[in-house]
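K.L.:
Quick one: structure below, then a few questions.
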Amino acid sequence: MSRRADQPDTPADLAVRRILRERKVPAFTMIAGAGSGKTTSLIKALDHVIASRGSEMLAQRQQVACITYTEIARQEIEDELAGNPIVHVSTIHSFLWTIVEPFGEDIRQWLGEHGALDVDQAEAKYAAMGPQTRQKTKQDLRDKIDRKRDQLSKLPAVEEFRLGVGTNYARGIVGYADIVKLGPDLILRRSLLARLVSRRYPVLFVDESQDTFDAVVDCLRHVAVEESDAFCLGFFGDPMQMIYTNGTGEIPVEPDWEEIPKPENFRSPLKVLDVINVIRGDHDILHQRSGLPVDKQRAGEVTYFVFPQGVGRNELLGQTRKWLREQSEIDAWKADDGTDQSKTLVITHRMAAGRLGFEALYDTFHGTVLAADFTEGKAWPLTPFLGTLLPLVEAAGSNRNALLPMLRTSSPLLRPGNIDAVSAQETLATLRAGVDELVKVVAVAGPGSIKDALAAAHNHSLIELDDRLIALLGDDLPEPMGSIDKALRAYLDCDVTELEGYSRYISQESPYSTQHGVKGAEYQDVIVVLDDDEGTHNQYSYEKFFGLRSFSSGDGTVTRTRRLLYVCASRATRALAIVFYATDVDAAIKALGGLGLPGAESVVTAEMVTRELDDGAET
Ligand SMILES: Nc1ncnc2c1ncn2[C@@H]1O[C@H](COP(=O)(O)OP(=O)(O)OP(=O)(O)O)[C@@H](O)[C@H]1O
């Protein structure tokens with residue numbers, strides 16, 4: 001695969017280089033549509049900084065920082081730069097942690113103040129509970145408050161703070177939800193930290209700026225304003241691709257900032273480009289034209305399907321893929337070796353879960369407050385497996401040398417300060433036994449093996465588990481307290497093999513992806529499944545988007561759905577199929593045409609798919 005940095009320069013690339021060379025403009029934005037090469041420009045800009053200022057930065061112990069929204073994006077940029085040490089590529093959370101980590105006392109104070117505020121709010125809620133509130137609900141809240149108070153009382157004794165999934169005051173863990181508040185707060189309040197950011201990272205780029213949290217954008221703006229003579233900040237993004245709930249969307253620019261336009265599209269073939277321009281609608285002026293020379297432009301192919309909602313979705317989708325392979329006029333929907341390499345984008349995991357064997361896991365989290373995190377692959381109860389335990393099992397089977405470095409980051413036994421407590425030999429024996437037991441549990445698998453695997457990991461200190469999971473590892477459990485507790489118990493009852501399909505799925509290795517998981521990616525042939533029934537994800541509704549269901553004026557569903565569809569349709573580099581499962585097929589066919597989608601006058605129905613496949617079989 002060619003490196004993005006080898007792509008030809010665009011006027012936008014030249015503008016960035018001028019800004020970086022002249023060092024007069026403190027910040028710039030590159031806000032442009034899908035496939036316009038924002039990530040490419042970002043990588044080229046990083047390359048430029050490495051080439052032009054690399055040795056100077058190295059000598060002064062400085063780096064150029066690049067903040068990404070996801071771990072996948074971080075890895076991708078890191079790979080493009082071959083891990084060059086001049087560049088510090090990190091997710092938002094770990095970037096903020098790098099900045100605040102040395103300021104333990106400030107962290108302690110912040111956690112103390114916010115923890116006390118949480119307790120006050122919970123006390124107020126408790127006091128407002130009237131006689132109609134169930135005794136058990138009251139008791140649960142009382143217990144929660146007491147636990148939190150107890151944890152907070154241990155905060156002064158914490159010696160070292162760490163970044164983790166969920167905040168734990170007693171153990172000095174700053175959770176993901178807190179670091180995105182704590183970091184910006186400290187940077188805004190303490191000028192020393194703003195200076196530290198600019199001195200350590202005199203150039204800082206933010207990828208996918210539209211999905212970056214407001215507070216993070218604000219604190220970086222603050223650094224750009226306060227440290228304007230020693231700092232250059234660049235935002236790369238597209239508000240139409242904002243698909244996470246806490247994103248900032250547009251980035252307002254200060255008078256001395258520069259807005260760099262990038263009107264081209266280098267990814268989408270012409271027919272797909274027409275479709276995404278229509279989806280983008282009249283909402284902004286970012287309508288794109290192809291950036292490729294005419295002889296390199298391709299027409300591509302777009303096909304629309306409207307199917308009735310109901311049973312047999314997976315089967316029908318399989319037939320659709322076959323139909324597309326047979327009917328494509330540009331020989332799409334198969335790779336050079338004839339295999340189907342297409343990507344199917346579904347709004348939720350149900351369809352994928354059925355296919356890839358993680359239905360019980362899906363059912364566990366679906367409908368809970370953790371559903372969105374599950375969809376995005378970052379639900380905290382699953383992190384021990386995805387981040388540590390599954391990689392440990394894999395390493396145990398293929399590369400045992402990798403085990404110790406992994407355990408150094410995950411095991412509390414190998415933390416500095418703990419290492420001398422027990423003899424090193426004993427520690428290693430415990431960890432070895434733990435890994436062996438974990439491998440055995442995963443190999444035997446079966447219902448409840450998630451719990452067994454967590455217990456093996458916990459008992460041998462392979463990992464530090466969240467208290468809420470530890471509480472469920474015993475046998476004599478009290479009655480479940482609330483829906484999350486119930487979901488966690490159901491999760492522990494699942495089969496560990498379900499995690500395999502789930503992890504292939506969220507790491508984009510299966511033919512399915514969630515519509516959220518494909519940000520920044522591209523695939524030759526893409527099927528976008530529009531299925532509200534499947535979704536029950538009421539943040540999105542394709543029926544509302546196409547005007548088939550009414551909605552109130554303040555309902556953000558249509559905007560969110562438009563953005564999601566835009567992101568998905570713009571992933572295709574050759575052929576795009578839009579498959580809409582509708583309550584009323586005829587009305588849906590009309591609605592597709594009504595929206596002005598190019599080519600939507602010829603829609604393929606379920607009958608046509610089966611008939612034409614049958615005809616093909618007969619001839
Ligand atoms: N100047 C260029 N000339 C030719 N191709 C390019 C150029 N810039 C980018 N590309 C190609 O266009 C495609 C899209 O680029 P890139 O992923 O950088 O866009 P993006 O704006 O970050 O996309 P999105 O926002 O949709 O994720 C890639 O295949 C990339 O290699």
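We label chains A, B, ... in the order they appear in the structure tokens, count residues from 1 in each chain, and number ligands from 1 in the order shown.
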Sorted by chain and rising residue number, which residues of chain A lie within 8 Å of ligand 1, and what are their closest atom pairs and distances in Å to one decimal, counting only C-alpha atoms and all ligand atoms, as a tab-separated table?
P.N.:
```
residue	atom	partner	partner_atom_place_in_ligand_line	distance
A:Ser2	CA	ligand 1	31 (O)	7.7
A:Arg3	CA	ligand 1	31 (O)	7.6
A:Arg4	CA	ligand 1	31 (O)	5.2
A:Gln7	CA	ligand 1	2 (C)	4.8
A:Pro8	CA	ligand 1	1 (N)	4.5
A:Asp9	CA	ligand 1	1 (N)	5.3
A:Thr10	CA	ligand 1	1 (N)	5.5
A:Ala32	CA	ligand 1	21 (O)	6.7
A:Gly33	CA	ligand 1	25 (O)	6.1
A:Ala34	CA	ligand 1	26 (O)	3.2
A:Gly35	CA	ligand 1	23 (O)	3.7
A:Ser36	CA	ligand 1	21 (O)	3.9
A:Gly37	CA	ligand 1	19 (O)	3.2
A:Lys38	CA	ligand 1	21 (O)	3.7
A:Thr39	CA	ligand 1	18 (O)	3.7
A:Thr40	CA	ligand 1	18 (O)	3.7
A:Ser41	CA	ligand 1	18 (O)	6.6
A:Leu42	CA	ligand 1	18 (O)	7.9
A:Glu208	CA	ligand 1	25 (O)	7.6
A:Gly237	CA	ligand 1	25 (O)	6.9
A:Asp238	CA	ligand 1	25 (O)	6.7
A:Gln241	CA	ligand 1	25 (O)	7.3
A:Asn265	CA	ligand 1	12 (O)	7.0
A:Phe266	CA	ligand 1	12 (O)	4.2
A:Arg267	CA	ligand 1	13 (C)	4.4
A:Gly291	CA	ligand 1	3 (N)	7.0
A:Leu292	CA	ligand 1	4 (C)	6.3
A:Lys519	CA	ligand 1	27 (O)	5.7
A:Gly520	CA	ligand 1	27 (O)	3.2
A:Ala521	CA	ligand 1	27 (O)	5.9
A:Glu522	CA	ligand 1	29 (O)	7.2
A:Val567	CA	ligand 1	26 (O)	6.9
A:Ser570	CA	ligand 1	26 (O)	6.3
A:Arg571	CA	ligand 1	26 (O)	6.7
```
K.L.:
Write down as a VMD selection string the residues belonging to stretch 310-463 of chain A that are assigned strand (DSSP E) by DSSP computed on the backbone.
P.N.:
chain A and resid 343 to 346
K.L.:
Using only C-alpha atoms, which residues sit within 9 Å of A:Arg350 once same-chain residues fewer than 3 positions away are excluded, as an NGL selection string?
P.N.:
:A and (346-347 or 353-355 or 358-359 or 362-363 or 534-535)
K.L.:
Go through A:Gln288, A:Tyr176, A:Ile67, A:Gly387 one by one, measure the shortest atom-to-atom distance of each to A:Val217 using only C-alpha atoms, and give the residue with the smallest value.
P.N.:
A:Ile67
K.L.:
Name all residues at most 12 Å from stretch 18-20 of chain A (count only C-alpha atoms; drop same-chain ones fewer than 2 positions away) and give them as a VMD selection string.
P.N.:
chain A and resid 11 to 16 22 to 29 44 to 53 64 202 to 205 230 to 234 256 to 260
K.L.:
Quick one: everything within 12 Å of A:Gly593, counting only C-alpha atoms, minus sequence neighbours fewer than 2 positions away in the same chain. Send it as JSON, numbers by chain.
P.N.:
{"A": [275, 278, 304, 306, 546, 547, 586, 587, 588, 589, 590, 591, 595, 596, 597, 598, 599, 600, 601, 602, 603]}
K.L.:
Those same residues, written as a compact mmCIF listing (two decimals), in the first residue's frame with N, CA and C atoms?
P.N.:
```
# COMPACT_ATOMS: atom_id res chain seq x y z
N VAL A 275 -23.89 10.97 -4.94
CA VAL A 275 -24.78 10.54 -3.85
C VAL A 275 -24.40 11.24 -2.54
N VAL A 278 -25.48 14.78 -2.35
CA VAL A 278 -26.91 14.95 -2.08
C VAL A 278 -27.20 14.66 -0.60
N TYR A 304 -29.52 0.72 -5.32
CA TYR A 304 -30.42 0.87 -4.17
C TYR A 304 -31.31 -0.36 -4.07
N VAL A 306 -34.69 -1.82 -1.74
CA VAL A 306 -35.64 -1.60 -0.64
C VAL A 306 -36.31 -2.93 -0.34
N PHE A 546 -35.91 9.76 5.75
CA PHE A 546 -36.55 9.77 4.43
C PHE A 546 -37.96 10.34 4.48
N GLY A 547 -38.36 10.86 5.65
CA GLY A 547 -39.68 11.47 5.76
C GLY A 547 -40.81 10.45 5.84
N ASP A 586 -43.31 0.44 -0.82
CA ASP A 586 -43.65 1.39 -1.90
C ASP A 586 -43.35 2.83 -1.49
N ALA A 587 -43.75 3.16 -0.27
CA ALA A 587 -43.51 4.53 0.20
C ALA A 587 -42.01 4.81 0.27
N ALA A 588 -41.26 3.81 0.66
CA ALA A 588 -39.80 4.00 0.78
C ALA A 588 -39.17 4.22 -0.59
N ILE A 589 -39.64 3.48 -1.58
CA ILE A 589 -39.08 3.64 -2.94
C ILE A 589 -39.34 5.08 -3.41
N LYS A 590 -40.56 5.55 -3.13
CA LYS A 590 -40.90 6.92 -3.52
C LYS A 590 -40.00 7.93 -2.78
N ALA A 591 -39.79 7.67 -1.50
CA ALA A 591 -39.02 8.61 -0.67
C ALA A 591 -37.57 8.72 -1.14
N LEU A 595 -35.86 12.31 -2.40
CA LEU A 595 -34.71 12.99 -1.79
C LEU A 595 -33.73 13.47 -2.87
N GLY A 596 -33.96 13.00 -4.10
CA GLY A 596 -33.09 13.43 -5.19
C GLY A 596 -31.80 12.63 -5.27
N LEU A 597 -31.79 11.41 -4.67
CA LEU A 597 -30.58 10.59 -4.75
C LEU A 597 -30.38 10.14 -6.19
N PRO A 598 -29.25 10.42 -6.78
CA PRO A 598 -29.06 10.07 -8.18
C PRO A 598 -29.15 8.56 -8.40
N GLY A 599 -29.92 8.14 -9.37
CA GLY A 599 -30.04 6.71 -9.69
C GLY A 599 -31.13 6.02 -8.90
N ALA A 600 -31.80 6.75 -7.98
CA ALA A 600 -32.79 6.10 -7.12
C ALA A 600 -34.10 5.84 -7.85
N GLU A 601 -34.16 6.21 -9.14
CA GLU A 601 -35.39 5.90 -9.87
C GLU A 601 -35.46 4.39 -10.17
N SER A 602 -34.30 3.72 -10.15
CA SER A 602 -34.39 2.26 -10.33
C SER A 602 -33.93 1.57 -9.05
N VAL A 603 -34.93 1.14 -8.30
CA VAL A 603 -34.66 0.49 -7.01
C VAL A 603 -34.87 -1.01 -7.18
```
K.L.:
Nearest to A:Leu58 among A:Pro263, A:Ala116, A:Glu329, A:Tyr201, with distances taken over only C-alpha atoms: which residue is it?
P.N.:
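The shortest atom-to-atom distance to A:Leu58 comes from A:Tyr201.
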